[in-house]
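Reading through the structure tokens given below for one structure.
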Amino acid sequence: MAGKPKLYYFDGRGKMESIRWLLAAAGVEFEEEFLETREQYEKLLQGGSLLFQQVPLVEIDGMKMVQTRAILSYIAAKYNLYGKDLKERALIDMYVGGTDDLMGFILMFPFLSAEDKEKQRAVIVEKATSRYFPAYEKVLKDHGQDFLVGNNFSWADVHLLEAILMVEEKKSDVLSGFPQLQAFKARISSIPTIKKFLQPGSQRKPVPDDKYVETVRRVLRMYYNIKAN
């Protein structure tokens, strides 16, 4: 019997958070090893575990997987969150890709200067409300179903809920003009595995703080400044 998946990353969100979300949505327990020192990171490098010299790294089913999208695709397929046929999988990929684009505006937010954070906050809200949320609002309204694809819970739903909550952290009433997404958020949040993950004490990570930023910079030797998009 295979052991629990093991996740190697920092004690924070970053690119691993969507993997945590998807495993939790599938009801899969997982272990984590947090990178806190450069030595830990170099040990993974020297051991050949990081194919492209990057984390996230996930040990699952005897594999050492890197590249976030590949890891997520594997988990989605393994736990029946990837549609029932090729067309549904294509739609899920398309919606996840759009959500990834939105998340990209948020991912590096903690590493910005105070001035750039205010600029980026405005960019995030503008992109969410003018490009991404209207698209998902239309999808849900047009097909009238509870989920984005095939009226079944999928990776696309998990990813969109994660993104919605991330944007709400930047502007709490960002869904005020999107009734379909408001209902979607309530539905997906009430799914038992998701509801459990949203409770205090779960492996969901909080908004990145200064300690997280300092740890990432130290371990990865990020000595350069990051600018707003």
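Order determines the names: the first chain of the structure tokens is A, the second B, and so forth; residues in each chain are numbered 1 upward, and ligands are numbered 1 upward as they are shown.
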
Residues of segment 110-184 of chain A that approach segment 190-198 of chain A to 12 Å or less, counting only C-alpha atoms: could you list each one with the shortest pair of atoms and its distance in Å to one decimal, rows by chain and increasing residue number, as CSV?
residue,atom,partner,partner_atom,distance
A:Asp146,CA,A:Ile191,CA,11.9
A:Phe147,CA,A:Ile191,CA,11.8
A:Phe153,CA,A:Ile191,CA,9.4
A:Ser154,CA,A:Ile191,CA,11.8
A:Asp157,CA,A:Ile194,CA,10.8
A:Val158,CA,A:Ile194,CA,8.4
A:His159,CA,A:Ile194,CA,11.5
A:Leu161,CA,A:Ile194,CA,9.7
A:Glu162,CA,A:Ile194,CA,10.2
A:Leu165,CA,A:Leu198,CA,10.5
A:Ala183,CA,A:Ser190,CA,10.9
A:Phe184,CA,A:Ser190,CA,9.9

Any chance you could export the current selection's C-alpha atoms as a tab-separated table (two decimals), in the first residue's frame?
chain	number	residue	atom	x	y	z
A	146	ASP	CA	-23.70	23.79	-10.32
A	147	PHE	CA	-20.18	23.12	-11.54
A	153	PHE	CA	-17.10	18.56	-9.24
A	154	SER	CA	-13.66	18.94	-10.84
A	157	ASP	CA	-14.01	24.23	-9.49
A	158	VAL	CA	-11.34	23.79	-6.83
A	159	HIS	CA	-8.95	26.12	-8.63
A	161	LEU	CA	-12.66	28.81	-5.52
A	162	GLU	CA	-9.03	29.14	-4.42
A	165	LEU	CA	-10.74	33.61	-1.97
A	183	ALA	CA	-23.61	31.09	-5.41
A	184	PHE	CA	-20.75	29.01	-6.81

**Message:** For the structure I just gave you, how does DSSP split segment 3-227 of chain A - specifically, which residues are alpha helix (DSSP H)? Reply as an NGL selection string.
**Reply:** :A and (17-25 or 38-46 or 68-78 or 86-107 or 114-127 or 133-143 or 155-168 or 179-189 or 192-197 or 210-220)

Restricting the output to C-alpha atoms, write the selected residues as a short mmCIF file (atom, residue, chain, number, x, y, z; two decimals), in the first residue's frame.
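See result-v4.cif below for the written result:
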data_model
loop_
_atom_site.label_atom_id
_atom_site.label_comp_id
_atom_site.auth_asym_id
_atom_site.auth_seq_id
_atom_site.Cartn_x
_atom_site.Cartn_y
_atom_site.Cartn_z
CA GLU A 17 -0.92 25.83 -2.30
CA SER A 18 -3.00 24.72 -5.30
CA ILE A 19 -1.58 21.22 -4.83
CA ARG A 20 -2.63 21.26 -1.18
CA TRP A 21 -6.09 22.42 -2.24
CA LEU A 22 -6.52 19.66 -4.81
CA LEU A 23 -5.32 16.88 -2.52
CA ALA A 24 -7.63 18.16 0.21
CA ALA A 25 -10.55 18.35 -2.23
CA ARG A 38 19.59 26.58 2.12
CA GLU A 39 21.12 23.28 3.19
CA GLN A 40 17.78 21.47 2.88
CA TYR A 41 17.31 22.82 -0.61
CA GLU A 42 20.84 21.91 -1.68
CA LYS A 43 20.37 18.38 -0.33
CA LEU A 44 17.37 17.94 -2.63
CA LEU A 45 19.40 19.32 -5.52
CA GLN A 46 22.38 17.10 -4.85
CA THR A 68 3.20 22.32 -10.63
CA ARG A 69 0.92 21.75 -13.61
CA ALA A 70 2.10 18.16 -14.09
CA ILE A 71 1.55 17.41 -10.40
CA LEU A 72 -1.94 18.92 -10.45
CA SER A 73 -2.90 17.07 -13.63
CA TYR A 74 -1.79 13.76 -12.14
CA ILE A 75 -3.74 14.32 -8.92
CA ALA A 76 -6.85 15.42 -10.82
CA ALA A 77 -6.76 12.34 -13.06
CA LYS A 78 -5.97 9.93 -10.22
CA LEU A 86 -11.30 14.32 -23.61
CA LYS A 87 -13.61 17.27 -24.28
CA GLU A 88 -14.33 17.78 -20.58
CA ARG A 89 -10.63 17.53 -19.83
CA ALA A 90 -9.94 20.20 -22.45
CA LEU A 91 -12.50 22.51 -20.82
CA ILE A 92 -11.03 21.89 -17.38
CA ASP A 93 -7.55 22.67 -18.72
CA MET A 94 -8.86 25.85 -20.32
CA TYR A 95 -10.58 27.08 -17.17
CA VAL A 96 -7.64 26.14 -14.94
CA GLY A 97 -5.34 27.97 -17.34
CA GLY A 98 -7.42 31.13 -17.04
CA THR A 99 -7.48 30.87 -13.28
CA ASP A 100 -3.71 30.33 -13.28
CA ASP A 101 -3.30 33.57 -15.21
CA LEU A 102 -5.28 35.42 -12.53
CA MET A 103 -3.32 33.77 -9.73
CA GLY A 104 -0.13 34.86 -11.46
CA PHE A 105 -0.92 38.45 -10.57
CA ILE A 106 -1.15 37.43 -6.90
CA LEU A 107 1.69 34.93 -6.54
CA ALA A 114 4.71 48.61 0.02
CA GLU A 115 4.28 51.08 -2.83
CA ASP A 116 4.17 48.38 -5.49
CA LYS A 117 1.72 46.32 -3.42
CA GLU A 118 -0.87 49.08 -3.66
CA LYS A 119 -0.39 49.28 -7.42
CA GLN A 120 -0.59 45.52 -7.77
CA ARG A 121 -3.70 45.31 -5.60
CA ALA A 122 -5.48 47.57 -8.08
CA VAL A 123 -4.21 45.46 -11.00
CA ILE A 124 -5.43 42.24 -9.37
CA VAL A 125 -8.92 43.60 -8.73
CA GLU A 126 -9.15 45.14 -12.21
CA LYS A 127 -8.08 41.93 -13.96
CA PHE A 133 -14.73 36.72 -13.19
CA PRO A 134 -17.03 37.85 -16.05
CA ALA A 135 -15.88 34.82 -18.06
CA TYR A 136 -16.74 32.35 -15.30
CA GLU A 137 -19.96 34.18 -14.50
CA LYS A 138 -21.01 33.69 -18.12
CA VAL A 139 -20.05 30.01 -18.16
CA LEU A 140 -22.14 29.30 -15.07
CA LYS A 141 -25.09 31.38 -16.28
CA ASP A 142 -25.12 29.90 -19.78
CA HIS A 143 -25.18 26.24 -18.79
CA TRP A 155 -10.23 20.48 -10.57
CA ALA A 156 -11.59 23.56 -12.35
CA ASP A 157 -14.01 24.23 -9.49
CA VAL A 158 -11.34 23.79 -6.83
CA HIS A 159 -8.95 26.12 -8.63
CA LEU A 160 -11.56 28.82 -9.16
CA LEU A 161 -12.66 28.81 -5.52
CA GLU A 162 -9.03 29.14 -4.42
CA ALA A 163 -8.61 32.12 -6.76
CA ILE A 164 -11.84 33.77 -5.59
CA LEU A 165 -10.74 33.61 -1.97
CA MET A 166 -7.31 34.99 -2.87
CA VAL A 167 -8.83 37.98 -4.65
CA GLU A 168 -11.29 38.55 -1.80
CA PRO A 179 -24.28 36.58 -8.44
CA GLN A 180 -23.42 33.31 -10.18
CA LEU A 181 -19.96 33.31 -8.62
CA GLN A 182 -21.38 34.16 -5.21
CA ALA A 183 -23.61 31.09 -5.41
CA PHE A 184 -20.75 29.01 -6.81
CA LYS A 185 -18.51 30.03 -3.92
CA ALA A 186 -21.16 28.99 -1.39
CA ARG A 187 -21.76 25.63 -3.13
CA ILE A 188 -18.13 24.62 -3.49
CA SER A 189 -17.26 25.81 0.01
CA PRO A 192 -17.35 18.30 2.86
CA THR A 193 -13.68 17.97 1.89
CA ILE A 194 -13.46 21.66 0.97
CA LYS A 195 -15.34 22.72 4.08
CA LYS A 196 -12.86 20.76 6.18
CA PHE A 197 -9.88 22.36 4.41
CA ASP A 210 7.26 38.73 6.23
CA LYS A 211 8.69 35.55 7.75
CA TYR A 212 7.61 33.52 4.71
CA VAL A 213 9.12 36.08 2.34
CA GLU A 214 12.40 36.17 4.26
CA THR A 215 12.63 32.36 4.29
CA VAL A 216 12.00 32.05 0.56
CA ARG A 217 14.54 34.77 -0.23
CA ARG A 218 17.17 33.15 1.99
CA VAL A 219 16.70 29.58 0.77
CA LEU A 220 16.50 30.48 -2.92
#

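Remark: for Met222 of chain A, the closest of the candidate residues A:Ala26, A:Glu59, A:Gly177, A:Phe111 is A:Phe111 (distances computed over only C-alpha atoms).
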
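The neighbours of segment 4-6 of chain A here are the residues that come within 12 Å of it, using only C-alpha atoms and leaving out any residue fewer than 5 positions away in the same chain; they are Met16, Ile19, Arg20, Leu23, Ala24, Gly27, Val28, Glu29, Phe30, Glu31, Glu32, Glu33, Phe34, Pro56, Leu57, Val58, Glu59, Ile60, Asp61, Gly62, Met63, Lys64, Met65, Ile71 and Ile75 of chain A.
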
Serialized selection, N, CA, C and O atoms, as an mmCIF file, in the first residue's frame:
data_model
loop_
_atom_site.group_PDB
_atom_site.id
_atom_site.type_symbol
_atom_site.label_atom_id
_atom_site.label_comp_id
_atom_site.auth_asym_id
_atom_site.auth_seq_id
_atom_site.Cartn_x
_atom_site.Cartn_y
_atom_site.Cartn_z
ATOM 1 N N MET A 16 2.819 25.718 -4.215
ATOM 2 C CA MET A 16 2.355 24.465 -3.623
ATOM 3 C C MET A 16 0.910 24.553 -3.153
ATOM 4 O O MET A 16 0.245 23.526 -3.018
ATOM 5 N N ILE A 19 -1.729 22.667 -4.996
ATOM 6 C CA ILE A 19 -1.578 21.216 -4.829
ATOM 7 C C ILE A 19 -2.202 20.785 -3.513
ATOM 8 O O ILE A 19 -2.911 19.768 -3.449
ATOM 9 N N ARG A 20 -1.984 21.551 -2.464
ATOM 10 C CA ARG A 20 -2.633 21.258 -1.183
ATOM 11 C C ARG A 20 -4.154 21.276 -1.341
ATOM 12 O O ARG A 20 -4.863 20.404 -0.823
ATOM 13 N N LEU A 23 -5.377 18.087 -3.346
ATOM 14 C CA LEU A 23 -5.322 16.877 -2.522
ATOM 15 C C LEU A 23 -6.415 16.891 -1.458
ATOM 16 O O LEU A 23 -7.091 15.884 -1.222
ATOM 17 N N ALA A 24 -6.591 18.039 -0.817
ATOM 18 C CA ALA A 24 -7.627 18.159 0.211
ATOM 19 C C ALA A 24 -9.007 17.948 -0.390
ATOM 20 O O ALA A 24 -9.863 17.269 0.203
ATOM 21 N N GLY A 27 -9.851 14.509 -0.707
ATOM 22 C CA GLY A 27 -9.909 13.781 0.557
ATOM 23 C C GLY A 27 -8.651 12.986 0.843
ATOM 24 O O GLY A 27 -8.696 11.983 1.576
ATOM 25 N N VAL A 28 -7.525 13.435 0.288
ATOM 26 C CA VAL A 28 -6.264 12.703 0.429
ATOM 27 C C VAL A 28 -5.407 13.347 1.518
ATOM 28 O O VAL A 28 -5.118 14.546 1.463
ATOM 29 N N GLU A 29 -5.004 12.554 2.487
ATOM 30 C CA GLU A 29 -4.094 13.047 3.517
ATOM 31 C C GLU A 29 -2.684 13.114 2.950
ATOM 32 O O GLU A 29 -2.291 12.268 2.140
ATOM 33 N N PHE A 30 -1.935 14.123 3.374
ATOM 34 C CA PHE A 30 -0.572 14.268 2.873
ATOM 35 C C PHE A 30 0.342 14.784 3.972
ATOM 36 O O PHE A 30 -0.098 15.379 4.949
ATOM 37 N N GLU A 31 1.632 14.524 3.782
ATOM 38 C CA GLU A 31 2.656 15.000 4.706
ATOM 39 C C GLU A 31 3.426 16.139 4.050
ATOM 40 O O GLU A 31 3.446 16.263 2.821
ATOM 41 N N GLU A 32 4.060 16.963 4.891
ATOM 42 C CA GLU A 32 4.825 18.081 4.363
ATOM 43 C C GLU A 32 6.189 18.170 5.045
ATOM 44 O O GLU A 32 6.308 17.935 6.248
ATOM 45 N N GLU A 33 7.187 18.488 4.256
ATOM 46 C CA GLU A 33 8.493 18.849 4.792
ATOM 47 C C GLU A 33 8.777 20.280 4.352
ATOM 48 O O GLU A 33 8.846 20.567 3.149
ATOM 49 N N PHE A 34 8.922 21.165 5.321
ATOM 50 C CA PHE A 34 9.099 22.576 5.008
ATOM 51 C C PHE A 34 10.569 22.930 4.839
ATOM 52 O O PHE A 34 11.413 22.547 5.660
ATOM 53 N N PRO A 56 7.851 23.402 -6.414
ATOM 54 C CA PRO A 56 7.412 22.282 -5.590
ATOM 55 C C PRO A 56 7.960 20.913 -6.031
ATOM 56 O O PRO A 56 8.178 20.680 -7.206
ATOM 57 N N LEU A 57 8.080 20.055 -5.033
ATOM 58 C CA LEU A 57 8.390 18.643 -5.226
ATOM 59 C C LEU A 57 7.348 17.843 -4.461
ATOM 60 O O LEU A 57 7.073 18.134 -3.302
ATOM 61 N N VAL A 58 6.789 16.848 -5.132
ATOM 62 C CA VAL A 58 5.806 15.973 -4.482
ATOM 63 C C VAL A 58 6.203 14.522 -4.729
ATOM 64 O O VAL A 58 6.387 14.104 -5.882
ATOM 65 N N GLU A 59 6.348 13.770 -3.653
ATOM 66 C CA GLU A 59 6.559 12.330 -3.751
ATOM 67 C C GLU A 59 5.192 11.657 -3.686
ATOM 68 O O GLU A 59 4.461 11.795 -2.693
ATOM 69 N N ILE A 60 4.837 10.954 -4.767
ATOM 70 C CA ILE A 60 3.525 10.317 -4.833
ATOM 71 C C ILE A 60 3.609 9.078 -5.725
ATOM 72 O O ILE A 60 4.216 9.113 -6.794
ATOM 73 N N ASP A 61 3.067 7.977 -5.243
ATOM 74 C CA ASP A 61 3.019 6.729 -6.010
ATOM 75 C C ASP A 61 4.384 6.313 -6.538
ATOM 76 O O ASP A 61 4.531 5.861 -7.680
ATOM 77 N N GLY A 62 5.408 6.490 -5.716
ATOM 78 C CA GLY A 62 6.744 6.075 -6.094
ATOM 79 C C GLY A 62 7.468 7.034 -7.019
ATOM 80 O O GLY A 62 8.597 6.749 -7.448
ATOM 81 N N MET A 63 6.840 8.159 -7.343
ATOM 82 C CA MET A 63 7.458 9.159 -8.216
ATOM 83 C C MET A 63 7.885 10.384 -7.422
ATOM 84 O O MET A 63 7.285 10.704 -6.403
ATOM 85 N N LYS A 64 8.895 11.056 -7.937
ATOM 86 C CA LYS A 64 9.271 12.368 -7.419
ATOM 87 C C LYS A 64 8.898 13.376 -8.494
ATOM 88 O O LYS A 64 9.627 13.560 -9.470
ATOM 89 N N MET A 65 7.759 14.016 -8.296
ATOM 90 C CA MET A 65 7.208 14.879 -9.331
ATOM 91 C C MET A 65 7.540 16.346 -9.062
ATOM 92 O O MET A 65 7.414 16.830 -7.937
ATOM 93 N N ILE A 71 1.993 17.987 -11.675
ATOM 94 C CA ILE A 71 1.549 17.411 -10.400
ATOM 95 C C ILE A 71 0.033 17.518 -10.266
ATOM 96 O O ILE A 71 -0.649 16.545 -9.926
ATOM 97 N N ILE A 75 -2.810 14.451 -10.052
ATOM 98 C CA ILE A 75 -3.741 14.322 -8.923
ATOM 99 C C ILE A 75 -5.186 14.368 -9.410
ATOM 100 O O ILE A 75 -6.030 13.564 -8.987
#

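For segment 13-220 of chain A, the set of residues given strand (DSSP E or B) by DSSP on the backbone reads A:Glu31, A:Glu32, A:Glu33, A:Phe34, A:Leu57, A:Val58, A:Glu59, A:Ile60, A:Met63, A:Lys64, A:Met65, A:Val66, A:Val149, A:Asn152.
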
**Request:** Measure the distance from atom CA of Leu148 of chain A to atom CA of Pro200 of chain A in Å and round it to one decimal.
**Result:** 27.2 Å

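Taking atom CA of Ser113 of chain A and atom CA of Tyr132 of chain A as the two end points, the separation is 25.6 Å.
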
**Fill in**
Expressed in Å, the length from atom CA of Pro110 of chain A to atom CA of Glu169 of chain A is 12.5 Å

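Of the residues listed (A:Thr129, A:Met108, A:Tyr82, A:Arg221), A:Met108 shows the shortest atom-to-atom separation from Gly14 of chain A; distances use only C-alpha atoms.
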